[in-house]
>>> print(open('model_28.pdb').read())   # PDB, C-alpha atoms, pLDDT in the B column
MODEL        1
ATOM      1  CA  MET A   1       0.000   0.000   0.000  1.00 44.00           C
ATOM      2  CA  PRO A   2       1.436   3.447  -0.927  1.00 45.00           C
ATOM      3  CA  THR A   3       2.702   5.536   1.997  1.00 43.00           C
ATOM      4  CA  ALA A   4       0.247   8.383   1.407  1.00 42.00           C
ATOM      5  CA  GLU A   5      -2.732   6.021   1.215  1.00 46.00           C
ATOM      6  CA  ARG A   6      -1.651   4.225   4.396  1.00 46.00           C
ATOM      7  CA  ALA A   7      -1.202   7.566   6.185  1.00 43.00           C
ATOM      8  CA  ASP A   8      -4.598   8.683   4.892  1.00 45.00           C
ATOM      9  CA  ARG A   9      -6.344   5.616   6.337  1.00 51.00           C
ATOM     10  CA  THR A  10      -4.522   5.996   9.642  1.00 45.00           C
ATOM     11  CA  ALA A  11      -5.478   9.638   9.883  1.00 43.00           C
ATOM     12  CA  ARG A  12      -9.138   8.898   9.103  1.00 47.00           C
ATOM     13  CA  ALA A  13      -9.249   6.402  11.973  1.00 48.00           C
ATOM     14  CA  HIS A  14      -7.425   8.808  14.293  1.00 43.00           C
ATOM     15  CA  ALA A  15      -9.682  11.694  13.300  1.00 44.00           C
ATOM     16  CA  ARG A  16     -12.792   9.668  14.121  1.00 46.00           C
ATOM     17  CA  SER A  17     -11.555   8.884  17.631  1.00 45.00           C
ATOM     18  CA  HIS A  18      -9.722  12.197  18.256  1.00 44.00           C
ATOM     19  CA  PRO A  19     -11.664  14.944  16.456  1.00 46.00           C
ATOM     20  CA  ALA A  20      -9.793  18.252  16.286  1.00 46.00           C
ATOM     21  CA  PRO A  21     -11.531  21.572  16.965  1.00 43.00           C
ATOM     22  CA  ALA A  22     -12.947  23.036  13.771  1.00 41.00           C
ATOM     23  CA  ASP A  23     -10.796  26.166  13.917  1.00 45.00           C
ATOM     24  CA  GLU A  24      -7.608  24.057  13.994  1.00 49.00           C
ATOM     25  CA  LEU A  25      -8.541  22.589  10.587  1.00 69.00           C
ATOM     26  CA  ALA A  26      -9.650  25.860   8.979  1.00 81.00           C
ATOM     27  CA  PRO A  27      -8.115  26.402   5.504  1.00 85.00           C
ATOM     28  CA  THR A  28      -6.215  29.509   6.647  1.00 85.00           C
ATOM     29  CA  VAL A  29      -4.693  27.601   9.584  1.00 83.00           C
ATOM     30  CA  ILE A  30      -3.696  24.617   7.451  1.00 87.00           C
ATOM     31  CA  GLY A  31      -2.324  26.932   4.771  1.00 89.00           C
ATOM     32  CA  ALA A  32      -0.167  28.839   7.242  1.00 87.00           C
ATOM     33  CA  ARG A  33       1.094  25.544   8.663  1.00 85.00           C
ATOM     34  CA  VAL A  34       2.050  24.198   5.233  1.00 90.00           C
ATOM     35  CA  LYS A  35       3.949  27.384   4.382  1.00 89.00           C
ATOM     36  CA  ALA A  36       5.757  27.498   7.750  1.00 85.00           C
ATOM     37  CA  LEU A  37       6.791  23.830   7.565  1.00 84.00           C
ATOM     38  CA  ARG A  38       7.845  24.128   3.927  1.00 86.00           C
ATOM     39  CA  GLU A  39      10.001  27.174   4.623  1.00 85.00           C
ATOM     40  CA  ALA A  40      11.473  25.578   7.766  1.00 78.00           C
ATOM     41  CA  SER A  41      12.454  22.617   5.580  1.00 79.00           C
ATOM     42  CA  GLY A  42      14.141  24.932   3.071  1.00 83.00           C
ATOM     43  CA  LEU A  43      11.820  23.798   0.276  1.00 88.00           C
ATOM     44  CA  SER A  44      10.362  25.791  -2.608  1.00 92.00           C
ATOM     45  CA  LEU A  45       6.824  25.140  -3.825  1.00 93.00           C
ATOM     46  CA  ARG A  46       8.309  23.183  -6.725  1.00 94.00           C
ATOM     47  CA  ASP A  47      10.444  21.096  -4.339  1.00 93.00           C
ATOM     48  CA  LEU A  48       7.423  20.197  -2.207  1.00 94.00           C
ATOM     49  CA  ALA A  49       5.371  19.480  -5.318  1.00 95.00           C
ATOM     50  CA  GLU A  50       7.991  16.984  -6.509  1.00 95.00           C
ATOM     51  CA  ARG A  51       8.208  15.305  -3.103  1.00 93.00           C
ATOM     52  CA  SER A  52       4.490  15.149  -2.433  1.00 93.00           C
ATOM     53  CA  GLY A  53       2.970  14.608  -5.862  1.00 94.00           C
ATOM     54  CA  VAL A  54       0.690  17.626  -5.277  1.00 94.00           C
ATOM     55  CA  SER A  55       0.938  20.277  -7.988  1.00 94.00           C
ATOM     56  CA  ALA A  56       2.604  23.598  -7.195  1.00 94.00           C
ATOM     57  CA  PRO A  57      -0.567  25.573  -8.092  1.00 94.00           C
ATOM     58  CA  MET A  58      -2.614  23.440  -5.684  1.00 94.00           C
ATOM     59  CA  LEU A  59       0.006  23.886  -2.947  1.00 95.00           C
ATOM     60  CA  SER A  60      -0.070  27.642  -3.537  1.00 93.00           C
ATOM     61  CA  GLN A  61      -3.864  27.680  -3.155  1.00 94.00           C
ATOM     62  CA  VAL A  62      -3.592  25.652   0.053  1.00 93.00           C
ATOM     63  CA  GLU A  63      -0.947  27.968   1.506  1.00 92.00           C
ATOM     64  CA  ARG A  64      -3.083  31.019   0.753  1.00 92.00           C
ATOM     65  CA  GLY A  65      -6.069  29.405   2.476  1.00 90.00           C
ATOM     66  CA  GLU A  66      -8.111  29.443  -0.719  1.00 91.00           C
ATOM     67  CA  THR A  67      -8.893  25.739  -0.561  1.00 89.00           C
ATOM     68  CA  SER A  68      -9.023  23.052   2.110  1.00 87.00           C
ATOM     69  CA  PRO A  69      -7.088  19.913   1.107  1.00 88.00           C
ATOM     70  CA  THR A  70      -8.775  16.532   1.241  1.00 88.00           C
ATOM     71  CA  LEU A  71      -7.229  13.988   3.609  1.00 87.00           C
ATOM     72  CA  THR A  72      -5.596  12.297   0.625  1.00 89.00           C
ATOM     73  CA  VAL A  73      -3.956  15.554  -0.504  1.00 91.00           C
ATOM     74  CA  ALA A  74      -3.025  16.421   3.089  1.00 89.00           C
ATOM     75  CA  ALA A  75      -1.438  12.994   3.474  1.00 90.00           C
ATOM     76  CA  ARG A  76       0.681  13.620   0.375  1.00 92.00           C
ATOM     77  CA  ILE A  77       1.752  17.040   1.626  1.00 92.00           C
ATOM     78  CA  ALA A  78       2.664  15.548   5.015  1.00 89.00           C
ATOM     79  CA  SER A  79       4.701  12.831   3.299  1.00 89.00           C
ATOM     80  CA  GLY A  80       6.541  15.489   1.285  1.00 91.00           C
ATOM     81  CA  LEU A  81       7.416  17.229   4.558  1.00 87.00           C
ATOM     82  CA  ASP A  82       8.615  13.971   6.176  1.00 83.00           C
ATOM     83  CA  LEU A  83       5.752  14.083   8.690  1.00 80.00           C
ATOM     84  CA  ARG A  84       2.963  11.718   9.644  1.00 78.00           C
ATOM     85  CA  LEU A  85      -0.443  13.072   8.655  1.00 80.00           C
ATOM     86  CA  SER A  86      -1.477  13.106  12.312  1.00 74.00           C
ATOM     87  CA  GLN A  87       1.559  15.291  13.085  1.00 72.00           C
ATOM     88  CA  PHE A  88       0.783  17.623  10.208  1.00 78.00           C
ATOM     89  CA  LEU A  89      -2.844  18.073  11.286  1.00 75.00           C
ATOM     90  CA  ARG A  90      -1.798  18.078  14.960  1.00 67.00           C
ATOM     91  CA  LEU A  91      -4.239  15.259  15.726  1.00 53.00           C
ATOM     92  CA  ASP A  92      -1.660  13.773  18.131  1.00 52.00           C
ATOM     93  CA  GLU A  93      -2.036  16.728  20.479  1.00 50.00           C
ATOM     94  CA  SER A  94      -4.495  16.510  23.362  1.00 53.00           C
ATOM     95  CA  GLY A  95      -4.480  20.186  24.345  1.00 56.00           C
ATOM     96  CA  SER A  96      -2.628  23.475  24.242  1.00 64.00           C
ATOM     97  CA  VAL A  97      -1.100  23.030  27.730  1.00 74.00           C
ATOM     98  CA  THR A  98       0.775  19.955  28.981  1.00 75.00           C
ATOM     99  CA  ILE A  99       2.159  19.817  32.524  1.00 80.00           C
ATOM    100  CA  THR A 100       4.678  17.197  33.625  1.00 81.00           C
ATOM    101  CA  GLY A 101       5.083  16.795  37.388  1.00 86.00           C
ATOM    102  CA  ARG A 102       8.368  15.916  39.060  1.00 85.00           C
ATOM    103  CA  ALA A 103       7.174  12.362  39.688  1.00 87.00           C
ATOM    104  CA  GLN A 104       6.485  11.923  35.947  1.00 85.00           C
ATOM    105  CA  ARG A 105      10.024  12.680  34.841  1.00 86.00           C
ATOM    106  CA  ARG A 106      11.830   9.906  32.981  1.00 88.00           C
ATOM    107  CA  ALA A 107      15.320   9.110  34.226  1.00 90.00           C
ATOM    108  CA  GLY A 108      18.183   7.492  32.356  1.00 90.00           C
ATOM    109  CA  GLY A 109      21.891   7.504  31.717  1.00 88.00           C
ATOM    110  CA  SER A 110      24.897   5.260  32.131  1.00 87.00           C
ATOM    111  CA  ALA A 111      26.574   4.702  35.479  1.00 86.00           C
ATOM    112  CA  ARG A 112      29.599   3.325  33.628  1.00 85.00           C
ATOM    113  CA  ARG A 113      30.016   6.577  31.731  1.00 87.00           C
ATOM    114  CA  GLY A 114      29.187   8.778  34.731  1.00 94.00           C
ATOM    115  CA  HIS A 115      26.185  10.258  32.948  1.00 94.00           C
ATOM    116  CA  ARG A 116      22.656  10.595  34.303  1.00 94.00           C
ATOM    117  CA  PHE A 117      19.729  12.594  33.020  1.00 93.00           C
ATOM    118  CA  GLU A 118      16.031  13.382  33.452  1.00 93.00           C
ATOM    119  CA  VAL A 119      13.590  14.163  30.652  1.00 91.00           C
ATOM    120  CA  LEU A 120      11.492  17.041  31.982  1.00 91.00           C
ATOM    121  CA  THR A 121       8.854  17.193  29.237  1.00 86.00           C
ATOM    122  CA  SER A 122       5.875  14.941  28.573  1.00 79.00           C
ATOM    123  CA  SER A 123       6.194  11.692  26.620  1.00 72.00           C
ATOM    124  CA  GLN A 124       2.734  12.178  25.095  1.00 65.00           C
ATOM    125  CA  PRO A 125       2.514  12.193  21.281  1.00 57.00           C
ATOM    126  CA  GLY A 126       2.510  15.532  19.525  1.00 59.00           C
ATOM    127  CA  GLN A 127       5.273  17.228  21.530  1.00 65.00           C
ATOM    128  CA  ARG A 128       7.639  18.952  19.124  1.00 74.00           C
ATOM    129  CA  ALA A 129      10.528  19.479  21.556  1.00 83.00           C
ATOM    130  CA  GLU A 130      12.101  17.589  24.460  1.00 88.00           C
ATOM    131  CA  LEU A 131      13.777  19.228  27.465  1.00 93.00           C
ATOM    132  CA  SER A 132      16.219  17.215  29.557  1.00 95.00           C
ATOM    133  CA  ARG A 133      18.669  17.902  32.401  1.00 96.00           C
ATOM    134  CA  HIS A 134      22.025  16.102  32.352  1.00 96.00           C
ATOM    135  CA  THR A 135      24.709  15.567  34.990  1.00 97.00           C
ATOM    136  CA  LEU A 136      28.231  14.469  34.050  1.00 97.00           C
ATOM    137  CA  ALA A 137      30.773  13.284  36.575  1.00 96.00           C
ATOM    138  CA  ALA A 138      34.375  14.499  36.341  1.00 96.00           C
ATOM    139  CA  GLY A 139      35.998  13.042  33.225  1.00 95.00           C
ATOM    140  CA  ALA A 140      32.698  11.528  32.037  1.00 95.00           C
ATOM    141  CA  ALA A 141      30.992  11.740  28.635  1.00 93.00           C
ATOM    142  CA  THR A 142      27.481  11.286  27.264  1.00 93.00           C
ATOM    143  CA  GLY A 143      28.765   9.076  24.461  1.00 84.00           C
ATOM    144  CA  ALA A 144      31.730   8.270  22.286  1.00 77.00           C
ATOM    145  CA  ALA A 145      33.149   9.593  19.035  1.00 70.00           C
ATOM    146  CA  ASP A 146      31.980   6.561  17.055  1.00 69.00           C
ATOM    147  CA  ASP A 147      28.366   6.640  18.329  1.00 70.00           C
ATOM    148  CA  PRO A 148      25.808   7.032  15.525  1.00 66.00           C
ATOM    149  CA  PRO A 149      23.472  10.077  15.460  1.00 68.00           C
ATOM    150  CA  MET A 150      20.802   9.774  18.169  1.00 73.00           C
ATOM    151  CA  HIS A 151      18.154  12.045  16.655  1.00 76.00           C
ATOM    152  CA  GLU A 152      16.057  12.028  13.501  1.00 74.00           C
ATOM    153  CA  PRO A 153      17.111  13.963  10.383  1.00 75.00           C
ATOM    154  CA  GLY A 154      16.576  17.694  10.732  1.00 77.00           C
ATOM    155  CA  SER A 155      16.631  17.731  14.546  1.00 84.00           C
ATOM    156  CA  ARG A 156      18.259  20.693  16.272  1.00 88.00           C
ATOM    157  CA  GLU A 157      19.609  20.734  19.823  1.00 94.00           C
ATOM    158  CA  THR A 158      20.251  23.663  22.157  1.00 95.00           C
ATOM    159  CA  ALA A 159      22.249  23.111  25.346  1.00 97.00           C
ATOM    160  CA  LEU A 160      22.821  25.491  28.266  1.00 97.00           C
ATOM    161  CA  VAL A 161      25.681  24.845  30.702  1.00 97.00           C
ATOM    162  CA  GLU A 162      24.276  25.320  34.211  1.00 97.00           C
ATOM    163  CA  ALA A 163      27.404  24.393  36.141  1.00 97.00           C
ATOM    164  CA  GLY A 164      30.969  23.391  35.396  1.00 96.00           C
ATOM    165  CA  SER A 165      32.559  23.178  31.970  1.00 96.00           C
ATOM    166  CA  LEU A 166      31.920  20.963  28.947  1.00 97.00           C
ATOM    167  CA  VAL A 167      33.298  20.081  25.551  1.00 97.00           C
ATOM    168  CA  LEU A 168      30.816  19.471  22.748  1.00 96.00           C
ATOM    169  CA  VAL A 169      32.200  17.113  20.122  1.00 95.00           C
ATOM    170  CA  CYS A 170      30.017  17.544  17.033  1.00 93.00           C
ATOM    171  CA  ASP A 171      30.836  15.988  13.665  1.00 89.00           C
ATOM    172  CA  GLY A 172      34.430  15.529  14.794  1.00 89.00           C
ATOM    173  CA  LEU A 173      34.985  19.138  15.936  1.00 94.00           C
ATOM    174  CA  ARG A 174      35.514  20.124  19.576  1.00 96.00           C
ATOM    175  CA  HIS A 175      33.811  23.167  21.127  1.00 97.00           C
ATOM    176  CA  GLU A 176      34.726  24.288  24.670  1.00 97.00           C
ATOM    177  CA  LEU A 177      31.858  25.547  26.831  1.00 97.00           C
ATOM    178  CA  THR A 178      31.849  27.144  30.271  1.00 96.00           C
ATOM    179  CA  GLU A 179      29.104  27.919  32.786  1.00 96.00           C
ATOM    180  CA  GLY A 180      26.415  30.089  31.204  1.00 96.00           C
ATOM    181  CA  ASP A 181      27.354  29.241  27.614  1.00 97.00           C
ATOM    182  CA  CYS A 182      24.539  28.185  25.271  1.00 97.00           C
ATOM    183  CA  VAL A 183      25.138  26.219  22.063  1.00 96.00           C
ATOM    184  CA  THR A 184      22.822  25.180  19.216  1.00 95.00           C
ATOM    185  CA  PHE A 185      23.755  22.545  16.648  1.00 94.00           C
ATOM    186  CA  ASP A 186      22.425  19.962  14.200  1.00 91.00           C
ATOM    187  CA  ALA A 187      21.508  16.999  16.386  1.00 89.00           C
ATOM    188  CA  ASP A 188      21.375  14.600  13.441  1.00 86.00           C
ATOM    189  CA  LEU A 189      25.182  14.722  13.288  1.00 89.00           C
ATOM    190  CA  PRO A 190      27.339  12.425  15.473  1.00 90.00           C
ATOM    191  CA  HIS A 191      27.879  14.279  18.742  1.00 93.00           C
ATOM    192  CA  HIS A 192      28.471  13.922  22.468  1.00 93.00           C
ATOM    193  CA  PHE A 193      29.405  16.012  25.513  1.00 96.00           C
ATOM    194  CA  GLU A 194      32.545  15.526  27.626  1.00 96.00           C
ATOM    195  CA  ASN A 195      33.369  16.870  31.079  1.00 97.00           C
ATOM    196  CA  PRO A 196      37.154  17.522  31.113  1.00 95.00           C
ATOM    197  CA  SER A 197      37.161  19.116  34.577  1.00 95.00           C
ATOM    198  CA  ASP A 198      37.710  17.701  38.073  1.00 95.00           C
ATOM    199  CA  GLY A 199      34.171  18.586  39.164  1.00 95.00           C
ATOM    200  CA  GLU A 200      30.629  17.730  38.192  1.00 97.00           C
ATOM    201  CA  ALA A 201      29.009  19.445  35.176  1.00 97.00           C
ATOM    202  CA  VAL A 202      25.298  20.064  34.659  1.00 97.00           C
ATOM    203  CA  PHE A 203      23.540  21.145  31.480  1.00 97.00           C
ATOM    204  CA  LEU A 204      20.036  21.510  30.056  1.00 97.00           C
ATOM    205  CA  ALA A 205      19.289  20.309  26.524  1.00 96.00           C
ATOM    206  CA  VAL A 206      16.331  21.002  24.242  1.00 94.00           C
ATOM    207  CA  VAL A 207      15.899  18.847  21.141  1.00 91.00           C
ATOM    208  CA  SER A 208      13.408  20.028  18.530  1.00 86.00           C
ATOM    209  CA  ALA A 209      11.640  17.723  16.108  1.00 71.00           C
ATOM    210  CA  GLY A 210      13.221  17.199  12.723  1.00 63.00           C
ATOM    211  CA  LEU A 211      11.536  19.206   9.983  1.00 51.00           C
ATOM    212  CA  ARG A 212      14.086  19.397   7.213  1.00 41.00           C
ATOM    213  CA  ARG A 213      15.813  16.868   5.014  1.00 36.00           C
ATOM    214  CA  SER A 214      19.556  16.926   4.505  1.00 32.00           C
TER     215      SER A 214
ENDMDL
END
>>> encode(input="model_28.pdb", output="structure tokens")
Amino acid sequence: MPTAERADRTARAHARSHPAPADELAPTVIGARVKALREASGLSLRDLAERSGVSAPMLSQVERGETSPTLTVAARIASGLDLRLSQFLRLDESGSVTITGRAQRRAGGSARRGHRFEVLTSSQPGQRAELSRHTLAAGAATGAADDPPMHEPGSRETALVEAGSLVLVCDGLRHELTEGDCVTFDADLPHHFENPSDGEAVFLAVVSAGLRRS
């Protein structure tokens, strides 16, 4: 079964059980979303037309809010943007506000590597960014130079050093960071953090969902 058709059927079933408010599916809202996602992906109308199989004139009409795409057309547009149709229509989202209590945080890490972390944001579907807090022991690292990329294509990561000092190794290059420094980089490249100091280092990291193709 073609990807777009499979996504279309999935979205129909999801839409029946999780109906979205009417204003969220208004043509002007969908059009603005298509344009924002297309531009964030660095795609022209022609590029998206080639990827999605939807003509450039139709995409232009959708972006201007002049027409509301059918689920089949929306599924093709979503596929061209490397998104699930439910993500594109935001059917995965249960509300505009999501609160995650301290007891709901997810913990992880590697005692062997001296790395521990907590994911502070919700694990519910539809979240487009993840916030986590990491602690590195002296001389520890979050990974190794030969680790494969951990995040999907197009992901971006921003890290803020709360305490101590760090070295970000990204795509083979080393970047020294001290307390208060903030760095943003392509998280779909091989990367890890090292703590070269004699004390503990703490940093916050935000990873945004991948929206562009390399």
>>> resolve_selection(input="model_28.pdb", expression="the PyMOL selection byres ((chain A and resi 208) around 7)", output="PyMOL selection string")
chain A and resi 128-130+155-157+206-207+209-210
>>> closest_residue(input="model_28.pdb", among="A:Ser79, A:Ser110, A:Thr142, A:Ser132", to="Ser52 in chain A", atoms="only C-alpha atoms")
A:Ser79
>>> resolve_selection(input="model_28.pdb", expression="the PyMOL selection byres ((chain A and resi 46) around 12)", output="list in words")
Arg38, Gly42, Leu43, Ser44, Leu45, Asp47, Leu48, Ala49, Glu50, Arg51, Ser52, Gly53, Val54, Ser55, Ala56, Pro57, Met58, Leu59, Ser60 and Gly80 of chain A
>>> resolve_selection(input="model_28.pdb", expression="the PyMOL selection byres ((chain A and resi 137) around 8)", output="ChimeraX atom specification")
/A:114-115,135-136,138-140,195,199-201
>>> write_last_selection(input="model_28.pdb", atoms="C-alpha atoms", output="PDB file, in the frame of the given file")
ATOM      1  CA  GLY A 114      29.187   8.778  34.731  1.00 94.00           C
ATOM      2  CA  HIS A 115      26.185  10.258  32.948  1.00 94.00           C
ATOM      3  CA  THR A 135      24.709  15.567  34.990  1.00 97.00           C
ATOM      4  CA  LEU A 136      28.231  14.469  34.050  1.00 97.00           C
ATOM      5  CA  ALA A 138      34.375  14.499  36.341  1.00 96.00           C
ATOM      6  CA  GLY A 139      35.998  13.042  33.225  1.00 95.00           C
ATOM      7  CA  ALA A 140      32.698  11.528  32.037  1.00 95.00           C
ATOM      8  CA  ASN A 195      33.369  16.870  31.079  1.00 97.00           C
ATOM      9  CA  GLY A 199      34.171  18.586  39.164  1.00 95.00           C
ATOM     10  CA  GLU A 200      30.629  17.730  38.192  1.00 97.00           C
ATOM     11  CA  ALA A 201      29.009  19.445  35.176  1.00 97.00           C
TER      12      ALA A 201
END
>>> atom_distance(input="model_28.pdb", atom1="CA of Ser165 in chain A", atom2="CA of Arg113 in chain A")
16.8 Å
>>> closest_residue(input="model_28.pdb", among="A:Ala145, A:Ala40, A:Val202, A:Met150", to="Arg174 in chain A", atoms="all atoms listed in the file")
A:Ala145
>>> atom_distance(input="model_28.pdb", atom1="CA of Gly101 in chain A", atom2="CA of Leu83 in chain A")
28.8 Å
>>> residues_around(input="model_28.pdb", residues="Ile99 in chain A", least_positions_apart="2", cutoff="10 Å", atoms="all atoms listed in the file", output="list in words")
Val97, Gly101, Arg102, Gln104, Leu120, Thr121 and Ser122 of chain A
>>> axis_aligned_box(input="model_28.pdb", around="range 122-141 of chain A", padding_each_side="8 Å", output="AutoDock Vina command-line options")
--center_x 19.3 --center_y 15.5 --center_z 27.8 --size_x 49.5 --size_y 24.0 --size_z 33.5
>>> residues_around(input="model_28.pdb", residues="Gly108 in chain A", least_positions_apart="2", cutoff="9 Å", atoms="all atoms listed in the file", output="list in words")
Arg106, Ser110, His115, Arg116, Phe117, Glu118 and Val119 of chain A
>>> atom_distance(input="model_28.pdb", atom1="CA of Phe203 in chain A", atom2="CA of Ala187 in chain A")
15.8 Å
>>> closest_residue(input="model_28.pdb", among="A:Leu160, A:Leu168, A:Val34, A:Ala26", to="Ala75 in chain A", atoms="only C-alpha atoms")
A:Val34
>>> residues_around(input="model_28.pdb", residues="Glu179 in chain A", least_positions_apart="4", cutoff="6 Å", atoms="all atoms listed in the file", output="MDAnalysis selection string")
chainID A and resid 161:165
>>> closest_residue(input="model_28.pdb", among="A:Ala111, A:Val183, A:Leu177, A:Ala141", to="Ala159 in chain A", atoms="only C-alpha atoms")
A:Val183
>>> decode(input="model_28.pdb", residues="range 31-63 of chain A", atoms="C-alpha atoms", output="compact mmCIF listing (two decimals), in the first residue's frame")
# COMPACT_ATOMS: atom_id res chain seq x y z
CA GLY A 31 -2.32 26.93 4.77
CA ALA A 32 -0.17 28.84 7.24
CA ARG A 33 1.09 25.54 8.66
CA VAL A 34 2.05 24.20 5.23
CA LYS A 35 3.95 27.38 4.38
CA ALA A 36 5.76 27.50 7.75
CA LEU A 37 6.79 23.83 7.57
CA ARG A 38 7.84 24.13 3.93
CA GLU A 39 10.00 27.17 4.62
CA ALA A 40 11.47 25.58 7.77
CA SER A 41 12.45 22.62 5.58
CA GLY A 42 14.14 24.93 3.07
CA LEU A 43 11.82 23.80 0.28
CA SER A 44 10.36 25.79 -2.61
CA LEU A 45 6.82 25.14 -3.83
CA ARG A 46 8.31 23.18 -6.72
CA ASP A 47 10.44 21.10 -4.34
CA LEU A 48 7.42 20.20 -2.21
CA ALA A 49 5.37 19.48 -5.32
CA GLU A 50 7.99 16.98 -6.51
CA ARG A 51 8.21 15.30 -3.10
CA SER A 52 4.49 15.15 -2.43
CA GLY A 53 2.97 14.61 -5.86
CA VAL A 54 0.69 17.63 -5.28
CA SER A 55 0.94 20.28 -7.99
CA ALA A 56 2.60 23.60 -7.19
CA PRO A 57 -0.57 25.57 -8.09
CA MET A 58 -2.61 23.44 -5.68
CA LEU A 59 0.01 23.89 -2.95
CA SER A 60 -0.07 27.64 -3.54
CA GLN A 61 -3.86 27.68 -3.16
CA VAL A 62 -3.59 25.65 0.05
CA GLU A 63 -0.95 27.97 1.51
